[in-house]
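Heads up, the thing below is written out as structure tokens.
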Amino acid sequence: MIVIFDLDGTLIDSAPDIHATANAVLADEGLGQLDLATVRGFVGRGVPHLVDRLLGAHGIADPVRAERMTANLVARYEGAVGLTAPYPGVGAVLKHLRGRGDVLGVCTNKPLAPAMAVLRHLGLDQYFDAVAGGDSGLPRKPDPAPLLDTLARLGGGTAAYVGDSEVDAESARAAGLPFLMFTEGYRSAAAETLPHHAMFSDFAELPGLLDLL
Ligand SMILES: O=C(O)COP(=O)(O)O
Ligand SMILES: [Mg+2]
């Protein structure tokens, strides 16, 4: 089958690098630092949303400043991979799924260049036949378009989406794909409130859950 994965908060815990980069951008703007949990809660809807939330945390709504900060954040984040790690068991499960003939892809709201950079850095890029970023020109998740486009790039067929957040749950629902929810990521809503076919906290459970679809 085809298995498409979200990236931030699903395959990788990238919040520490995003947090460090966000604070560097805030410092450039003369704005105060935010803690990791706060910034982690802003991740999952793409960079422009993250920047709006960074400014919002300081009581600011300023589109011109937001645009400047978005460009700064994208530039600074490129190559910020040192604090990012895959969740336990991710490499092994990707290898296992590939080995049994599943076709794998990534559909993230993170821009494509840093998504590819971190996948390469962690040695995970080898497992994926398609990686779709949030700057593709399509609407971002929770719109179903990027997910459907990734599925088409992988040849179409029986598929599932694996993600961590309300954005992913909604995108999968709208695309008509079963959603498998990793519970250790950056979700803010209670897991039970999100539409899902199954949830898991340990990647070793994933192959068995896919078998049940
Ligand atoms: O918000 C982002 O930049 C990326 O988040 P995602 O990988 O969870 O889609
Ligand atoms: Mg995510």
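Every chain in the structure tokens takes a letter, A first, then B, and so on in the order presented; its residues are numbered from 1, and the ligands are numbered from 1 following the presented order.
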Within 9 Å of ligand 1, which residues of chain A come that close, and what is the closest atom pair and distance in Å for each? Count only C-alpha atoms and all ligand atoms and give it as JSON lines.
{"residue": "A:Phe5", "atom": "CA", "partner": "ligand 1", "partner_atom_place_in_ligand_line": "7 (O)", "distance": 8.7}
{"residue": "A:Asp6", "atom": "CA", "partner": "ligand 1", "partner_atom_place_in_ligand_line": "7 (O)", "distance": 5.1}
{"residue": "A:Leu7", "atom": "CA", "partner": "ligand 1", "partner_atom_place_in_ligand_line": "7 (O)", "distance": 3.8}
{"residue": "A:Asp8", "atom": "CA", "partner": "ligand 1", "partner_atom_place_in_ligand_line": "7 (O)", "distance": 3.7}
{"residue": "A:Gly9", "atom": "CA", "partner": "ligand 1", "partner_atom_place_in_ligand_line": "8 (O)", "distance": 5.8}
{"residue": "A:Thr10", "atom": "CA", "partner": "ligand 1", "partner_atom_place_in_ligand_line": "8 (O)", "distance": 7.0}
{"residue": "A:Leu11", "atom": "CA", "partner": "ligand 1", "partner_atom_place_in_ligand_line": "7 (O)", "distance": 8.5}
{"residue": "A:Ile12", "atom": "CA", "partner": "ligand 1", "partner_atom_place_in_ligand_line": "7 (O)", "distance": 8.6}
{"residue": "A:Ser14", "atom": "CA", "partner": "ligand 1", "partner_atom_place_in_ligand_line": "7 (O)", "distance": 8.9}
{"residue": "A:Ile18", "atom": "CA", "partner": "ligand 1", "partner_atom_place_in_ligand_line": "3 (O)", "distance": 8.7}
{"residue": "A:Phe42", "atom": "CA", "partner": "ligand 1", "partner_atom_place_in_ligand_line": "1 (O)", "distance": 7.5}
{"residue": "A:Val43", "atom": "CA", "partner": "ligand 1", "partner_atom_place_in_ligand_line": "1 (O)", "distance": 4.3}
{"residue": "A:Gly44", "atom": "CA", "partner": "ligand 1", "partner_atom_place_in_ligand_line": "1 (O)", "distance": 3.1}
{"residue": "A:Arg45", "atom": "CA", "partner": "ligand 1", "partner_atom_place_in_ligand_line": "1 (O)", "distance": 4.1}
{"residue": "A:Gly46", "atom": "CA", "partner": "ligand 1", "partner_atom_place_in_ligand_line": "1 (O)", "distance": 3.6}
{"residue": "A:Val47", "atom": "CA", "partner": "ligand 1", "partner_atom_place_in_ligand_line": "3 (O)", "distance": 5.1}
{"residue": "A:Pro48", "atom": "CA", "partner": "ligand 1", "partner_atom_place_in_ligand_line": "3 (O)", "distance": 8.6}
{"residue": "A:His49", "atom": "CA", "partner": "ligand 1", "partner_atom_place_in_ligand_line": "1 (O)", "distance": 7.7}
{"residue": "A:Leu50", "atom": "CA", "partner": "ligand 1", "partner_atom_place_in_ligand_line": "1 (O)", "distance": 7.0}
{"residue": "A:Val106", "atom": "CA", "partner": "ligand 1", "partner_atom_place_in_ligand_line": "7 (O)", "distance": 8.6}
{"residue": "A:Cys107", "atom": "CA", "partner": "ligand 1", "partner_atom_place_in_ligand_line": "9 (O)", "distance": 6.9}
{"residue": "A:Thr108", "atom": "CA", "partner": "ligand 1", "partner_atom_place_in_ligand_line": "9 (O)", "distance": 3.6}
{"residue": "A:Asn109", "atom": "CA", "partner": "ligand 1", "partner_atom_place_in_ligand_line": "9 (O)", "distance": 3.7}
{"residue": "A:Lys110", "atom": "CA", "partner": "ligand 1", "partner_atom_place_in_ligand_line": "3 (O)", "distance": 3.5}
{"residue": "A:Pro111", "atom": "CA", "partner": "ligand 1", "partner_atom_place_in_ligand_line": "3 (O)", "distance": 6.7}
{"residue": "A:Ala115", "atom": "CA", "partner": "ligand 1", "partner_atom_place_in_ligand_line": "7 (O)", "distance": 8.1}
{"residue": "A:Gly133", "atom": "CA", "partner": "ligand 1", "partner_atom_place_in_ligand_line": "9 (O)", "distance": 8.1}
{"residue": "A:Gly134", "atom": "CA", "partner": "ligand 1", "partner_atom_place_in_ligand_line": "3 (O)", "distance": 7.2}
{"residue": "A:Arg140", "atom": "CA", "partner": "ligand 1", "partner_atom_place_in_ligand_line": "9 (O)", "distance": 8.5}
{"residue": "A:Lys141", "atom": "CA", "partner": "ligand 1", "partner_atom_place_in_ligand_line": "9 (O)", "distance": 7.2}
{"residue": "A:Gly163", "atom": "CA", "partner": "ligand 1", "partner_atom_place_in_ligand_line": "8 (O)", "distance": 7.3}
{"residue": "A:Asp164", "atom": "CA", "partner": "ligand 1", "partner_atom_place_in_ligand_line": "8 (O)", "distance": 7.1}
{"residue": "A:Ser165", "atom": "CA", "partner": "ligand 1", "partner_atom_place_in_ligand_line": "8 (O)", "distance": 7.2}
{"residue": "A:Val167", "atom": "CA", "partner": "ligand 1", "partner_atom_place_in_ligand_line": "9 (O)", "distance": 7.8}
{"residue": "A:Asp168", "atom": "CA", "partner": "ligand 1", "partner_atom_place_in_ligand_line": "9 (O)", "distance": 7.5}
{"residue": "A:Gly185", "atom": "CA", "partner": "ligand 1", "partner_atom_place_in_ligand_line": "8 (O)", "distance": 8.7}
{"residue": "A:Tyr186", "atom": "CA", "partner": "ligand 1", "partner_atom_place_in_ligand_line": "8 (O)", "distance": 7.9}
Next on the checklist: Could you list, as JSON, numbers by chain, every residue within 12 Å of Gly59 in chain A, counting only C-alpha atoms and ignoring same-chain residues fewer than 4 positions away?
Outcome noted: {"A": [31, 32, 52, 53, 54, 55]}
Save out the residues we just selected, C-alpha atoms, as a PDB file, in the first residue's frame.
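So the final result, stored in selection.pdb, reads:
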ATOM      1  CA  LEU A  31      11.346  41.021  20.419  1.00  0.00           C
ATOM      2  CA  GLY A  32      11.467  38.781  23.505  1.00  0.00           C
ATOM      3  CA  ASP A  52       1.943  35.201  12.666  1.00  0.00           C
ATOM      4  CA  ARG A  53       1.795  33.297  15.938  1.00  0.00           C
ATOM      5  CA  LEU A  54       5.277  34.530  16.999  1.00  0.00           C
ATOM      6  CA  LEU A  55       4.120  38.110  16.447  1.00  0.00           C
TER       7      LEU A  55
END
Item to check | Near-range 91-102 of chain A list (12 Å; only C-alpha atoms; drop same-chain fewer than 6 positions) as JSON, numbers by chain | outcome: {"A": [1, 2, 3, 4, 5, 11, 12, 85, 119, 122, 123, 124, 125, 126, 127, 128, 129, 154, 157, 158, 159, 160, 202, 203, 204, 205, 206, 207, 208, 210, 211]}
Item to check | Best match for closeness to ligand 2 among A:Leu26, A:Leu147, A:Leu34, A:Ala15, counting only C-alpha atoms and all ligand atoms | outcome: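 Ranking A:Leu26, A:Leu147, A:Leu34, A:Ala15 by distance to ligand 2, first place goes to A:Ala15.
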Item to check | Interatomic distance (Å, one decimal) between CA of Thr38 in chain A and CA of Ala22 in chain A | outcome: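 Result for CA of Thr38 in chain A versus CA of Ala22 in chain A: 11.0 Å, one decimal.
Of the listed residues A:Arg40, A:Met199, A:Ala152, A:Asp135, the one whose atoms come nearest to ligand 2 is A:Arg40, with distances taken using only C-alpha atoms and all ligand atoms.
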Checklist entry - Quick one: of A:Ala191, A:Ala169, A:Leu212, A:Ala198, who's nearest to ligand 2, counting only C-alpha atoms and all ligand atoms? => result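 Of A:Ala191, A:Ala169, A:Leu212, A:Ala198, the one nearest ligand 2, counting only C-alpha atoms and all ligand atoms, is A:Ala169.
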Next on the checklist: Could you check the closest approach to ligand 2 for each of A:Arg153, A:Arg65, A:His19, A:Arg187 and tell me which residue wins, using only C-alpha atoms and all ligand atoms?
Outcome noted: A:Arg187
Item to check | Using only C-alpha atoms and all ligand atoms: which of A:Leu213, A:Val64, A:Val90, A:Gly41 has the shortest distance to ligand 2 | outcome: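 Closest to ligand 2 of all the choices is A:Gly41.
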Checklist outcome for this item: CA of Ser136 in chain A to CA of Phe200 in chain A measures 29.4 Å
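Counting only C-alpha atoms, the residue from A:Gln33, A:Asp13, A:Val51, A:Gly155 that sits nearest to Pro88 in chain A is A:Asp13.
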Checklist entry - If you run DSSP on this backbone, which residues of chain A come out as strand (DSSP E), and could you give them as a count of residues only? => result 28
